[in-house]
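What follows is a single structure, written as structure tokens, with notes after it.
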Amino acid sequence: MPITETAAGAGRPRFVSGSLMRHVCVMAGTGAIGLIAVFAVDLINLFYISLLGEKETAAAVGFAGVVGFFHASLCIGLTIGIAAVVSRTVGAGRMEDARRIGTSSLVLMVALSVLAGSGTAFVLHPALQALGAQGETARLAHRYLSVTVHTLPLLGIGMATSALLRSVGDARRSMTVTLAGAFVTAVLDPILIFGFGLGLDGAAISAVVSRTVLAAIGLHGVVVKHRMLGPFQASRLGADARALGSVAGPAVLTNLATPVGAAFVTHAVAQFGPSAVAGAATIDRLTPVAFGLVYALSGAVGPILAQNLGAGQYRRVQEGLRDSLLFMVASVAVAWLLLALGQGVLIRAFSAEGQAAELISLFCSWLAASFFFAGGLFVANASFNNLGHPLLSTAFNWGRATLGTIPFAWWGSHHGAAGVLIGQAVGSSIFGLLAVVVAFRLAAKLAQQEAPDAAPAPVLDAPVAPTSALATPQAGVTAPAAAP
């Protein structure tokens with residue numbers, strides 16, 4: 001059950017009691033379904049476009065996806081801030097503050113996404129040229145983006161409302177928001193692209209409709225089901241923005257680290273020919289589907305830790321981190337086993353030959369094990385973002401993308417394309433292990449602060465929310481009991 005819905009729309013924070021492992025399983029499981037659906041639909045979208053038999057059109061989708069990644073990084077970073085700050089406030093039992101911050105977060109999301117989305121329209125041509133798009137490919141990508149960039153606010157609203165739903169523990173509705181958008185895309189793409197013969201324009205229209213549905217369902221869950229939005233208070237917008245930005249700012253920088261490392265790895269693999277690039281590309285598309293549960297932990301763990309931090313239950317914060325890592329280890333072990341056993345099927349399904357087949361086999365047999373450490377980094381980053389140390393998340397992600405990727409991949413390139421991927425896995429594993437150690441030390445310090453009667457406020461890099469010293473329960477305020 002989410003936060004119990006009462007006449008006032010408020011109730012007892014869900015994650016401050018009950019089995020932490022169960023909370024982790026439910027939140028990660030529902031989040032993974034939505035994530036896997038998104039990745040699968042993206043793959044299906046590209047598959048439908050490729051059936052047109054026009055290389056320029058397929059390439060245009062690829063270039064448009066690069067531009068869209070930067071937009072998504074902004075929205076994802078903001079949602080991390082929303083989930084962290086609102087979850088802490090909910091955990092502290094300050095529902096009125098949580099509602100006000102929820103409203104402020106949507107206003108800020110819309111404002112920034114309008115600026116980023118519609119603002120991009122004025123620089124599309126030079127941006128696509130800088131990415132290497134030319135001729136008909138550049139023209140098609142420009143036409144596609146000219147439609148979709150203006151709908152970034154709809155995507156932002158959908159992602160923000162999904163984060164608000166996770167903040168109050170409603171994993172099912174949060175998942176529904178993501179699944180609905182993915183379902184619309186999967187249904188409309190073949191109808192518009194082939195049925196109406198619209199080609200790439202049909203894909204653009206499908207994206208607009210999907211984002212509209214995403215925003216509508218998200219708003220319905222937040223406004224109608226949970227009443228998580230309060231009156232807009234312009235005088236408090238600045239303070240709310242600072243509280244959200246203290247987490248969201250570093251989170252945006254953190255998300256931008258990944259393409260830096262990926263770009264270098266792609267460049268290093270490219271020197272070994274098209275077959276090697278095809279193998280690496282297949283691995284990139286396979287990874288988020290195979291390890292969907294691990295990817296989902298970043299968004300699933302945050303609200304659990306943050307609510308308990310807000311409630312002053314620091315030992316539960318430490319236990320939640322431990323259970324999240326145990327869940328991650330089990331998930332990676334299962335995924336690795338399935339990949340190892342099914343690698344022959346995968347190689348045939350993607351028609352991989354030569355170096356491509358060798359790289360896929362290497363990943364399925366051995367390199368998938370590096371996700372024990374990559375998953376640890378995801379969990380650690382979630383704890384950093386939600387326990388008031390978001391700069392640590394930024395530092396570890398950029399460290400992995402630079403020091404943990406470039407020298408290792410360069411060294412590996414002297415031993416072929418396989419060496420590049422091995423080097424990347426080794427460097428990533430080192431930073432993942434270091435992040436886990438630091439996260440556990442921070443959680444242990446918090447646990448030592450918990451007293452039987454009163455819990456002192458932890459020292460945070462980022463504030464919980466304005467109007468309070470920290471996210472500790474207000475004296476004399478008792479959250480209403482959950483309804484049976």
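Each chain in the structure tokens gets a letter, A, B and so on, in the order shown; residues start at 1 in every chain, and ligands are counted from 1 in the order they appear.
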
Give me the residues near Ala127 (chain A) as a list in words, where near means some atom within 12 Å (using only C-alpha atoms) and where sequence neighbours in that chain fewer than 6 positions away do not count.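 Those residues are Phe63, Ala64, Val66, Val67, Gly68, Phe70, Thr120, Ala121, Ala133, Gln134, Ala138, Ala141, His142 and Leu145 of chain A.
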
Please dump the current selection as a CSV table (one decimal), in the first residue's frame; keep all heavy atoms.
chain,number,residue,atom,x,y,z
A,63,PHE,N,20.8,10.2,-34.5
A,63,PHE,CA,21.3,11.6,-34.2
A,63,PHE,C,20.3,12.3,-33.3
A,63,PHE,O,20.7,13.0,-32.3
A,63,PHE,CB,21.5,12.4,-35.4
A,63,PHE,CG,22.8,12.1,-36.1
A,63,PHE,CD1,22.8,11.5,-37.4
A,63,PHE,CD2,24.0,12.3,-35.5
A,63,PHE,CE1,24.0,11.2,-38.0
A,63,PHE,CE2,25.2,12.0,-36.2
A,63,PHE,CZ,25.2,11.4,-37.4
A,64,ALA,N,19.0,12.1,-33.6
A,64,ALA,CA,18.0,12.7,-32.7
A,64,ALA,C,18.0,12.1,-31.3
A,64,ALA,O,17.8,12.8,-30.3
A,64,ALA,CB,16.6,12.4,-33.3
A,66,VAL,N,20.7,11.3,-29.7
A,66,VAL,CA,21.8,11.9,-29.0
A,66,VAL,C,21.3,13.2,-28.4
A,66,VAL,O,21.6,13.5,-27.2
A,66,VAL,CB,23.0,12.1,-29.9
A,66,VAL,CG1,24.1,12.9,-29.2
A,66,VAL,CG2,23.5,10.8,-30.4
A,67,VAL,N,20.6,14.0,-29.2
A,67,VAL,CA,20.1,15.3,-28.6
A,67,VAL,C,19.1,15.0,-27.5
A,67,VAL,O,19.1,15.7,-26.5
A,67,VAL,CB,19.4,16.1,-29.8
A,67,VAL,CG1,18.7,17.3,-29.2
A,67,VAL,CG2,20.4,16.4,-30.9
A,68,GLY,N,18.2,14.0,-27.7
A,68,GLY,CA,17.3,13.6,-26.7
A,68,GLY,C,17.9,13.2,-25.4
A,68,GLY,O,17.3,13.4,-24.3
A,70,PHE,N,20.5,14.4,-23.9
A,70,PHE,CA,20.8,15.5,-23.0
A,70,PHE,C,19.6,16.1,-22.4
A,70,PHE,O,19.6,16.5,-21.2
A,70,PHE,CB,21.5,16.6,-23.9
A,70,PHE,CG,23.0,16.2,-24.2
A,70,PHE,CD1,23.2,15.7,-25.5
A,70,PHE,CD2,24.0,16.4,-23.3
A,70,PHE,CE1,24.5,15.3,-25.8
A,70,PHE,CE2,25.3,16.1,-23.7
A,70,PHE,CZ,25.6,15.5,-24.9
A,120,THR,N,16.4,24.5,-27.7
A,120,THR,CA,17.2,23.7,-28.6
A,120,THR,C,16.8,23.9,-30.0
A,120,THR,O,17.6,23.8,-30.9
A,120,THR,CB,17.0,22.2,-28.2
A,120,THR,OG1,17.4,22.0,-26.9
A,120,THR,CG2,17.9,21.4,-29.1
A,121,ALA,N,15.5,24.3,-30.3
A,121,ALA,CA,15.0,24.4,-31.7
A,121,ALA,C,15.8,25.5,-32.4
A,121,ALA,O,15.9,25.4,-33.6
A,121,ALA,CB,13.5,24.8,-31.6
A,133,ALA,N,26.0,14.9,-38.5
A,133,ALA,CA,24.9,14.7,-39.4
A,133,ALA,C,25.0,15.6,-40.6
A,133,ALA,O,25.3,16.8,-40.5
A,133,ALA,CB,23.5,14.9,-38.7
A,134,GLN,N,24.8,15.0,-41.8
A,134,GLN,CA,24.9,15.7,-43.0
A,134,GLN,C,23.8,15.4,-44.0
A,134,GLN,O,23.2,14.3,-43.9
A,134,GLN,CB,26.3,15.5,-43.7
A,134,GLN,CG,27.5,15.9,-42.8
A,134,GLN,CD,28.8,15.5,-43.5
A,134,GLN,OE1,28.9,14.8,-44.5
A,134,GLN,NE2,29.9,16.0,-42.9
A,138,ALA,N,20.7,14.9,-41.9
A,138,ALA,CA,20.6,16.0,-41.1
A,138,ALA,C,19.2,16.7,-41.3
A,138,ALA,O,18.6,17.1,-40.3
A,138,ALA,CB,21.7,17.1,-41.4
A,141,ALA,N,16.6,14.4,-39.4
A,141,ALA,CA,16.8,14.6,-37.9
A,141,ALA,C,16.2,15.9,-37.5
A,141,ALA,O,15.6,16.0,-36.4
A,141,ALA,CB,18.2,14.4,-37.6
A,142,HIS,N,16.5,17.0,-38.3
A,142,HIS,CA,16.0,18.3,-37.9
A,142,HIS,C,14.5,18.3,-37.9
A,142,HIS,O,13.9,18.9,-37.0
A,142,HIS,CB,16.6,19.3,-38.9
A,142,HIS,CG,16.3,20.8,-38.5
A,142,HIS,ND1,15.1,21.4,-38.7
A,142,HIS,CD2,17.1,21.7,-38.0
A,142,HIS,CE1,15.2,22.6,-38.3
A,142,HIS,NE2,16.4,22.9,-37.8
A,145,LEU,N,13.2,16.4,-34.8
A,145,LEU,CA,13.4,17.1,-33.5
A,145,LEU,C,12.6,18.4,-33.5
A,145,LEU,O,12.2,18.9,-32.4
A,145,LEU,CB,14.9,17.4,-33.4
A,145,LEU,CG,15.8,16.2,-33.0
A,145,LEU,CD1,17.3,16.6,-33.2
A,145,LEU,CD2,15.5,15.8,-31.6

Within 9 Å of Leu346 (chain A), counting only C-alpha atoms, which residues qualify if same-chain residues fewer than 6 places away don't, as JSON, numbers by chain? {"A": [339, 352, 360]}

For each of A:Val379, A:Thr148, A:Ile283, A:Leu293, take the minimum atom-to-atom distance to Asp323 (chain A), counting only C-alpha atoms, then give the residue where this is smallest.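 That would be A:Val379, the residue with the smallest distance to Asp323 (chain A).
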
Using only C-alpha atoms, which residue out of A:Ala163, A:Gly344, A:Leu108, A:Ser113 lies closest to Gly238 (chain A)? A:Leu108

Would you list the contacts of Tyr144 (chain A) as a ChimeraX atom specification, taking every protein, DNA or RNA residue within 12 Å and counting only C-alpha atoms, but skipping same-chain residues closer than 3 positions in sequence? /A:57-65,67-68,121,124,128,137-141,147-151,198-208

Region 401-416 of chain A: which residues within 6 Å, counting only C-alpha atoms, same-chain residues fewer than 4 positions away excluded, as number ranges by chain? A: 257-258, 261, 420, 423-424, 427-428
